[in-house]
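Visitor: This is the content of coords37.cif (mmCIF, C-alpha atoms; chains and numbers go by the auth columns):
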```
data_coords
loop_
_atom_site.group_PDB
_atom_site.id
_atom_site.type_symbol
_atom_site.label_atom_id
_atom_site.label_comp_id
_atom_site.label_asym_id
_atom_site.label_seq_id
_atom_site.Cartn_x
_atom_site.Cartn_y
_atom_site.Cartn_z
_atom_site.B_iso_or_equiv
_atom_site.auth_seq_id
_atom_site.auth_asym_id
ATOM 1 C CA MET A 1 168.227 -54.061 -137.926 0.00 72 A
ATOM 2 C CA ARG A 2 170.690 -51.567 -139.402 0.00 73 A
ATOM 3 C CA SER A 3 171.856 -50.507 -135.918 0.00 74 A
ATOM 4 C CA SER A 4 172.421 -54.184 -134.968 0.00 75 A
ATOM 5 C CA ILE A 5 174.666 -54.692 -137.992 0.00 76 A
ATOM 6 C CA LEU A 6 176.574 -51.500 -137.212 0.00 77 A
ATOM 7 C CA ALA A 7 177.018 -52.515 -133.568 0.00 78 A
ATOM 8 C CA ALA A 8 178.264 -55.991 -134.601 0.00 79 A
ATOM 9 C CA ALA A 9 180.759 -54.432 -137.051 0.00 80 A
ATOM 10 C CA LEU A 10 182.090 -52.077 -134.356 0.00 81 A
ATOM 11 C CA LEU A 11 182.494 -54.942 -131.880 0.00 82 A
ATOM 12 C CA ALA A 12 184.326 -57.038 -134.484 0.00 83 A
ATOM 13 C CA SER A 13 186.664 -54.101 -135.262 0.00 84 A
ATOM 14 C CA ALA A 14 187.382 -53.546 -131.575 0.00 85 A
ATOM 15 C CA ALA A 15 188.191 -57.231 -131.113 0.00 86 A
ATOM 16 C CA LEU A 16 190.780 -57.073 -133.909 0.00 87 A
ATOM 17 C CA LEU A 17 192.476 -53.913 -132.624 0.00 88 A
ATOM 18 C CA PRO A 18 194.851 -55.622 -130.210 0.00 89 A
ATOM 19 C CA LEU A 19 196.006 -58.005 -132.976 0.00 90 A
ATOM 20 C CA SER A 20 196.679 -55.216 -135.471 0.00 91 A
ATOM 21 C CA ALA A 21 198.414 -53.117 -132.816 0.00 92 A
ATOM 22 C CA ARG A 22 200.611 -56.086 -131.896 0.00 93 A
ATOM 23 C CA ALA A 23 201.479 -56.711 -135.569 0.00 94 A
ATOM 24 C CA HIS A 24 202.310 -53.018 -136.014 0.00 95 A
ATOM 25 C CA ASP A 25 204.660 -53.118 -133.018 0.00 96 A
ATOM 26 C CA ALA A 26 206.561 -56.124 -134.413 0.00 97 A
ATOM 27 C CA ALA A 27 209.462 -54.765 -136.449 0.00 98 A
ATOM 28 C CA VAL A 28 212.969 -55.984 -137.167 0.00 99 A
ATOM 29 C CA SER A 29 215.898 -54.367 -138.957 0.00 100 A
ATOM 30 C CA VAL A 30 218.439 -56.503 -140.839 0.00 101 A
ATOM 31 C CA THR A 31 221.665 -54.746 -141.899 0.00 102 A
ATOM 32 C CA ASP A 32 225.282 -55.468 -142.924 0.00 103 A
ATOM 33 C CA VAL A 33 224.266 -58.648 -144.744 0.00 104 A
ATOM 34 C CA TRP A 34 227.157 -60.520 -146.366 0.00 105 A
ATOM 35 C CA ALA A 35 228.590 -63.924 -147.216 0.00 106 A
ATOM 36 C CA ARG A 36 232.046 -65.168 -148.126 0.00 107 A
ATOM 37 C CA ALA A 37 232.779 -66.547 -151.582 0.00 108 A
ATOM 38 C CA SER A 38 232.653 -70.336 -151.844 0.00 109 A
ATOM 39 C CA ALA A 39 235.873 -72.289 -151.559 0.00 110 A
ATOM 40 C CA GLY A 40 236.266 -74.499 -154.631 0.00 111 A
ATOM 41 C CA ALA A 41 233.350 -76.860 -155.143 0.00 112 A
ATOM 42 C CA ALA A 42 231.973 -76.458 -151.606 0.00 113 A
ATOM 43 C CA ASP A 43 228.201 -76.801 -151.450 0.00 114 A
ATOM 44 C CA THR A 44 227.907 -74.951 -148.133 0.00 115 A
ATOM 45 C CA GLY A 45 228.285 -71.315 -147.169 0.00 116 A
ATOM 46 C CA ALA A 46 227.299 -68.876 -144.460 0.00 117 A
ATOM 47 C CA VAL A 47 225.511 -65.538 -144.272 0.00 118 A
ATOM 48 C CA TYR A 48 226.305 -62.928 -141.640 0.00 119 A
ATOM 49 C CA ALA A 49 224.267 -59.862 -140.650 0.00 120 A
ATOM 50 C CA THR A 50 223.146 -57.636 -137.821 0.00 121 A
ATOM 51 C CA VAL A 51 219.557 -58.219 -136.671 0.00 122 A
ATOM 52 C CA THR A 52 217.921 -55.584 -134.473 0.00 123 A
ATOM 53 C CA ASP A 53 214.458 -55.869 -132.949 0.00 124 A
ATOM 54 C CA THR A 54 212.929 -52.389 -133.222 0.00 125 A
ATOM 55 C CA GLY A 55 209.521 -53.258 -131.754 0.00 126 A
ATOM 56 C CA HIS A 56 208.411 -55.638 -129.004 0.00 127 A
ATOM 57 C CA ALA A 57 210.413 -58.769 -128.160 0.00 128 A
ATOM 58 C CA ASP A 58 210.418 -61.220 -131.046 0.00 129 A
ATOM 59 C CA THR A 59 212.035 -64.462 -132.141 0.00 130 A
ATOM 60 C CA LEU A 60 214.001 -65.219 -135.311 0.00 131 A
ATOM 61 C CA THR A 61 212.579 -68.537 -136.479 0.00 132 A
ATOM 62 C CA GLY A 62 214.299 -69.246 -139.781 0.00 133 A
ATOM 63 C CA ALA A 63 215.768 -68.193 -143.099 0.00 134 A
ATOM 64 C CA SER A 64 215.528 -69.112 -146.759 0.00 135 A
ATOM 65 C CA THR A 65 217.253 -68.184 -150.008 0.00 136 A
ATOM 66 C CA PRO A 66 216.927 -69.306 -153.619 0.00 137 A
ATOM 67 C CA VAL A 67 220.713 -69.959 -153.831 0.00 138 A
ATOM 68 C CA ALA A 68 220.621 -72.955 -151.451 0.00 139 A
ATOM 69 C CA ALA A 69 218.456 -75.979 -150.834 0.00 140 A
ATOM 70 C CA MET A 70 218.369 -75.158 -147.111 0.00 141 A
ATOM 71 C CA ALA A 71 219.259 -72.287 -144.768 0.00 142 A
ATOM 72 C CA GLU A 72 219.525 -72.862 -141.015 0.00 143 A
ATOM 73 C CA LEU A 73 220.333 -70.697 -138.013 0.00 144 A
ATOM 74 C CA HIS A 74 223.623 -71.928 -136.527 0.00 145 A
ATOM 75 C CA GLU A 75 226.050 -70.976 -133.831 0.00 146 A
ATOM 76 C CA THR A 76 229.721 -71.793 -133.387 0.00 147 A
ATOM 77 C CA ILE A 77 230.626 -72.943 -129.901 0.00 148 A
ATOM 78 C CA ASN A 78 233.839 -73.890 -128.150 0.00 149 A
ATOM 79 C CA ALA A 79 233.325 -77.362 -126.668 0.00 150 A
ATOM 80 C CA ASN A 80 236.372 -78.197 -124.557 0.00 151 A
ATOM 81 C CA GLY A 81 238.733 -76.438 -126.945 0.00 152 A
ATOM 82 C CA VAL A 82 237.092 -77.767 -130.110 0.00 153 A
ATOM 83 C CA MET A 83 235.119 -75.314 -132.256 0.00 154 A
ATOM 84 C CA GLN A 84 231.791 -76.838 -133.331 0.00 155 A
ATOM 85 C CA MET A 85 228.755 -75.621 -135.249 0.00 156 A
ATOM 86 C CA ARG A 86 225.260 -76.542 -134.214 0.00 157 A
ATOM 87 C CA ALA A 87 221.794 -75.703 -135.464 0.00 158 A
ATOM 88 C CA VAL A 88 219.720 -73.277 -133.399 0.00 159 A
ATOM 89 C CA PRO A 89 215.943 -73.766 -133.835 0.00 160 A
ATOM 90 C CA GLU A 90 215.183 -70.134 -132.936 0.00 161 A
ATOM 91 C CA LEU A 91 216.857 -67.046 -131.565 0.00 162 A
ATOM 92 C CA LYS A 92 215.196 -64.693 -129.074 0.00 163 A
ATOM 93 C CA LEU A 93 215.546 -60.989 -129.911 0.00 164 A
ATOM 94 C CA GLU A 94 215.345 -58.194 -127.361 0.00 165 A
ATOM 95 C CA PRO A 95 214.176 -54.727 -128.425 0.00 166 A
ATOM 96 C CA GLY A 96 217.066 -52.370 -129.125 0.00 167 A
ATOM 97 C CA LYS A 97 219.768 -55.043 -128.604 0.00 168 A
ATOM 98 C CA PRO A 98 221.396 -55.936 -131.937 0.00 169 A
ATOM 99 C CA VAL A 99 222.495 -59.525 -132.508 0.00 170 A
ATOM 100 C CA THR A 100 225.524 -59.769 -134.779 0.00 171 A
ATOM 101 C CA PHE A 101 225.839 -62.844 -136.963 0.00 172 A
ATOM 102 C CA ALA A 102 229.609 -63.098 -137.602 0.00 173 A
ATOM 103 C CA PRO A 103 232.306 -65.690 -138.231 0.00 174 A
ATOM 104 C CA GLY A 104 232.896 -67.613 -135.006 0.00 175 A
ATOM 105 C CA GLY A 105 229.402 -66.907 -133.628 0.00 176 A
ATOM 106 C CA TYR A 106 225.859 -66.997 -134.940 0.00 177 A
ATOM 107 C CA HIS A 107 225.445 -67.382 -138.696 0.00 178 A
ATOM 108 C CA ILE A 108 222.946 -68.575 -141.272 0.00 179 A
ATOM 109 C CA MET A 109 224.298 -71.817 -142.699 0.00 180 A
ATOM 110 C CA LEU A 110 223.570 -72.385 -146.388 0.00 181 A
ATOM 111 C CA MET A 111 223.477 -76.050 -147.388 0.00 182 A
ATOM 112 C CA GLY A 112 223.109 -77.445 -150.873 0.00 183 A
ATOM 113 C CA LEU A 113 224.327 -74.339 -152.713 0.00 184 A
ATOM 114 C CA LYS A 114 222.896 -74.353 -156.230 0.00 185 A
ATOM 115 C CA HIS A 115 226.023 -72.615 -157.566 0.00 186 A
ATOM 116 C CA PRO A 116 229.239 -71.268 -156.056 0.00 187 A
ATOM 117 C CA LEU A 117 229.076 -67.912 -154.277 0.00 188 A
ATOM 118 C CA LYS A 118 231.380 -65.538 -156.189 0.00 189 A
ATOM 119 C CA ALA A 119 232.902 -62.334 -154.788 0.00 190 A
ATOM 120 C CA GLY A 120 231.003 -59.305 -156.044 0.00 191 A
ATOM 121 C CA ASP A 121 227.714 -61.165 -156.533 0.00 192 A
ATOM 122 C CA SER A 122 224.652 -60.692 -154.345 0.00 193 A
ATOM 123 C CA PHE A 123 221.589 -62.771 -153.598 0.00 194 A
ATOM 124 C CA PRO A 124 218.328 -62.438 -151.643 0.00 195 A
ATOM 125 C CA ILE A 125 217.806 -64.011 -148.250 0.00 196 A
ATOM 126 C CA THR A 126 214.569 -63.925 -146.253 0.00 197 A
ATOM 127 C CA LEU A 127 214.497 -64.045 -142.459 0.00 198 A
ATOM 128 C CA THR A 128 211.296 -65.116 -140.709 0.00 199 A
ATOM 129 C CA PHE A 129 210.119 -64.113 -137.254 0.00 200 A
ATOM 130 C CA GLU A 130 207.475 -65.177 -134.762 0.00 201 A
ATOM 131 C CA HIS A 131 205.668 -61.809 -134.865 0.00 202 A
ATOM 132 C CA ALA A 132 207.291 -59.454 -137.378 0.00 203 A
ATOM 133 C CA PRO A 133 206.655 -59.971 -141.072 0.00 204 A
ATOM 134 C CA PRO A 134 209.420 -61.709 -143.058 0.00 205 A
ATOM 135 C CA VAL A 135 212.354 -59.478 -144.033 0.00 206 A
ATOM 136 C CA THR A 136 214.072 -60.022 -147.400 0.00 207 A
ATOM 137 C CA VAL A 137 217.490 -58.418 -147.880 0.00 208 A
ATOM 138 C CA GLN A 138 220.390 -58.704 -150.330 0.00 209 A
ATOM 139 C CA ALA A 139 223.545 -60.489 -149.174 0.00 210 A
ATOM 140 C CA THR A 140 226.743 -59.216 -150.771 0.00 211 A
ATOM 141 C CA VAL A 141 229.373 -61.870 -151.466 0.00 212 A
ATOM 142 C CA LYS A 142 232.850 -60.847 -150.260 0.00 213 A
ATOM 143 C CA PRO A 143 236.155 -62.573 -151.104 0.00 214 A
ATOM 144 C CA ILE A 144 237.218 -65.743 -149.284 0.00 215 A
ATOM 145 C CA GLY A 145 238.746 -64.756 -145.937 0.00 216 A
ATOM 146 C CA ALA A 146 236.927 -61.403 -145.793 0.00 217 A
ATOM 147 C CA ALA A 147 236.581 -59.930 -142.306 0.00 218 A
ATOM 148 C CA ALA A 148 233.264 -59.010 -140.762 0.00 219 A
ATOM 149 C CA PRO A 149 232.330 -55.319 -140.642 0.00 220 A
ATOM 150 C CA GLY A 150 234.037 -53.774 -137.630 0.00 221 A
ATOM 151 C CA GLY A 151 236.986 -56.140 -137.898 0.00 222 A
ATOM 152 C CA MET A 152 235.486 -59.185 -136.148 0.00 223 A
ATOM 153 C CA GLN A 153 237.567 -62.019 -137.644 0.00 224 A
ATOM 154 C CA GLY A 154 235.945 -65.153 -136.255 0.00 225 A
ATOM 155 C CA MET A 155 238.686 -65.818 -133.736 0.00 226 A
ATOM 156 C CA PRO A 156 238.233 -68.616 -131.221 0.00 227 A
ATOM 157 C CA GLY A 157 236.522 -67.347 -128.120 0.00 228 A
ATOM 158 C CA MET A 158 234.975 -64.339 -129.868 0.00 229 A
ATOM 159 C CA ASN A 159 231.490 -65.425 -128.771 0.00 230 A
ATOM 160 C CA HIS A 160 231.937 -63.368 -125.605 0.00 231 A
ATOM 161 C CA MET A 161 232.264 -60.144 -127.634 0.00 232 A
ATOM 162 C CA GLN A 162 229.485 -57.649 -127.086 0.00 233 A
ATOM 163 C CA GLY A 163 226.752 -57.918 -129.676 0.00 234 A
ATOM 164 C CA THR A 164 227.741 -61.350 -130.947 0.00 235 A
ATOM 165 C CA LYS A 165 225.235 -63.189 -128.784 0.00 236 A
ATOM 166 C CA PRO A 166 222.280 -61.859 -126.828 0.00 237 A
#
```
Please render this file's structure as structure tokens.

Guide:
Amino acid sequence: MRSSILAAALLASAALLPLSARAHDAAVSVTDVWARASAGAADTGAVYATVTDTGHADTLTGASTPVAAMAELHETINANGVMQMRAVPELKLEPGKPVTFAPGGYHIMLMGLKHPLKAGDSFPITLTFEHAPPVTVQATVKPIGAAAPGGMQGMPGMNHMQGTKP
């Protein structure tokens, strides 16, 4: 009887191994996280960051923060000469290929801000993924008009820049 229980426990452990190995291989790095200060009484804002898949291919599925009622993945596109923002339900990540969220490209849109974002403040934001565990980081609020790290200014047509979109 004892050997049957031991054998069943070993089989159950072996069955779970691929799942735990897959979870261990799912890893994402989130760096250079920032937002611009709110303009006046605006109840929207945006968060920018660099997201790098450091494990197996994964998918960014969402974001949340206590400073806003809702956070959505968005991208800015040029539609016949008119810059438009649109929601993106998910964003595929390739291992070792950073995706830069920057003005004029991908960003995390904050809607229903609970208070204005003020330069010098910071707040937590959590990104969720299909495989990797959620990642919570601090977003630093920069002054209105602040440039992205590396000088990316959100110029029209910048979506073609390397690292802005996968």

Visitor: So that I can check the surroundings of Tyr177 in chain A, please list as a PyMOL selection string every protein, DNA and RNA residue that reaches within 10 Å of it, counting all atoms listed in the file and ignoring chain neighbours fewer than 3 positions away.

Guide: chain A and resi 117-120+144-148+156-159+162+170-174+180+230+235-236

Visitor: At a cut-off of 12 Å around the point (217.3, -51.0, -126.4) (file coordinates), what residues fall inside when counting all atoms listed in the file? I'd like the answer as a list of chain:residue names.

Guide: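 The residues that fall inside the cut-off are A:Thr123, A:Asp124, A:Thr125, A:Gly126, A:His127, A:Ala128, A:Leu164, A:Glu165, A:Pro166, A:Gly167, A:Lys168, A:Pro169, A:Val170, A:Pro237.
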
Visitor: Leaving out Pro137 in chain A and any residue of its chain fewer than 4 positions from it, which residues lie within 10 Å of it when counting all atoms listed in the file, given as a ChimeraX atom specification?

Guide: /A:141-142,184-185,194-197

Visitor: Kindly give the distance, in Å, that separates CA of Pro160 in chain A and CA of Ala134 in chain A, rounded to a single decimal.

Guide: 10.8 Å

Visitor: Convert the output of the PyMOL selection byres ((chain A and resi 105) around 8) on the shown file into explicit residues, formatted as a list in words.

Guide: Asp103, Val104, Ala106, Arg107, Val118, Tyr119, Ala120, Ala210, Thr211, Val212 and Lys213 of chain A

Visitor: Could you write those residues out with C-alpha atoms, as a JSON list (two decimals), in the frame of the given file?

Guide:
```json
[["chain", "number", "residue", "atom", "x", "y", "z"],
["A", 103, "ASP", "CA", 225.28, -55.47, -142.92],
["A", 104, "VAL", "CA", 224.27, -58.65, -144.74],
["A", 106, "ALA", "CA", 228.59, -63.92, -147.22],
["A", 107, "ARG", "CA", 232.05, -65.17, -148.13],
["A", 118, "VAL", "CA", 225.51, -65.54, -144.27],
["A", 119, "TYR", "CA", 226.30, -62.93, -141.64],
["A", 120, "ALA", "CA", 224.27, -59.86, -140.65],
["A", 210, "ALA", "CA", 223.54, -60.49, -149.17],
["A", 211, "THR", "CA", 226.74, -59.22, -150.77],
["A", 212, "VAL", "CA", 229.37, -61.87, -151.47],
["A", 213, "LYS", "CA", 232.85, -60.85, -150.26]]
```

Visitor: Using 12 Å as the limit and counting all atoms listed in the file, can you tabulate each residue of range 153-199 of chain A that touches range 214-218 of chain A, with its shortest atom-to-atom distance in Å and the two atoms involved, as JSON lines?

Guide:
```
{"residue": "A:Ala173", "atom": "CA", "partner": "A:Ala218", "partner_atom": "CA", "distance": 9.0}
{"residue": "A:Pro174", "atom": "CA", "partner": "A:Ala218", "partner_atom": "CA", "distance": 8.2}
{"residue": "A:Gly175", "atom": "CA", "partner": "A:Ala218", "partner_atom": "CA", "distance": 11.2}
{"residue": "A:Pro187", "atom": "CA", "partner": "A:Ile215", "partner_atom": "CA", "distance": 11.8}
{"residue": "A:Leu188", "atom": "CA", "partner": "A:Pro214", "partner_atom": "CA", "distance": 9.4}
{"residue": "A:Lys189", "atom": "CA", "partner": "A:Pro214", "partner_atom": "CA", "distance": 7.6}
{"residue": "A:Ala190", "atom": "CA", "partner": "A:Pro214", "partner_atom": "CA", "distance": 4.9}
{"residue": "A:Gly191", "atom": "CA", "partner": "A:Pro214", "partner_atom": "CA", "distance": 7.9}
{"residue": "A:Asp192", "atom": "CA", "partner": "A:Pro214", "partner_atom": "CA", "distance": 10.1}
```

Visitor: In Å to one decimal, how far is CA of Leu198 in chain A from CA of Val138 in chain A?

Guide: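 One can read the CA of Val138 in chain A to CA of Leu198 in chain A distance as 14.2 Å.
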
Visitor: Take the PyMOL selection byres ((chain A and resi 112) around 10), run it mentally on this structure, and tell me the resulting residues as an mmCIF file with C-alpha atoms, in the coordinates of the input.

Guide:
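Output (expr10.cif):
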```
data_model
loop_
_atom_site.group_PDB
_atom_site.id
_atom_site.type_symbol
_atom_site.label_atom_id
_atom_site.label_comp_id
_atom_site.auth_asym_id
_atom_site.auth_seq_id
_atom_site.Cartn_x
_atom_site.Cartn_y
_atom_site.Cartn_z
ATOM 1 C CA SER A 109 232.653 -70.336 -151.844
ATOM 2 C CA ALA A 110 235.873 -72.289 -151.559
ATOM 3 C CA GLY A 111 236.266 -74.499 -154.631
ATOM 4 C CA ALA A 113 231.973 -76.458 -151.606
ATOM 5 C CA ASP A 114 228.201 -76.801 -151.450
ATOM 6 C CA THR A 115 227.907 -74.951 -148.133
ATOM 7 C CA LEU A 184 224.327 -74.339 -152.713
ATOM 8 C CA HIS A 186 226.023 -72.615 -157.566
ATOM 9 C CA PRO A 187 229.239 -71.268 -156.056
ATOM 10 C CA LEU A 188 229.076 -67.912 -154.277
#
```

Visitor: How far is it from CA of Val101 in chain A to CA of Ala140 in chain A, in Å with one decimal?

Guide: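 Computing it gives 21.9 Å between the two atoms.
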
Visitor: Need to verify the contact set: Thr130 in chain A, 8 Å, all atoms listed in the file, exclusion of same-chain residues closer than 3 positions in sequence. Can you return it as a list of chain:residue names?

Guide: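 Near Thr130 in chain A, the qualifying residues are A:Glu161, A:Leu162, A:Lys163, A:Leu164, A:Phe200, A:Glu201, A:His202.
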
Visitor: Produce a file of the selected residues containing C-alpha atoms, as a PDB file, in the frame of the given file.

Guide:
```pdb
ATOM      1  CA  GLU A 161     215.183 -70.134-132.936  1.00  0.00           C
ATOM      2  CA  LEU A 162     216.857 -67.046-131.565  1.00  0.00           C
ATOM      3  CA  LYS A 163     215.196 -64.693-129.074  1.00  0.00           C
ATOM      4  CA  LEU A 164     215.546 -60.989-129.911  1.00  0.00           C
ATOM      5  CA  PHE A 200     210.119 -64.113-137.254  1.00  0.00           C
ATOM      6  CA  GLU A 201     207.475 -65.177-134.762  1.00  0.00           C
ATOM      7  CA  HIS A 202     205.668 -61.809-134.865  1.00  0.00           C
TER       8      HIS A 202
END
```
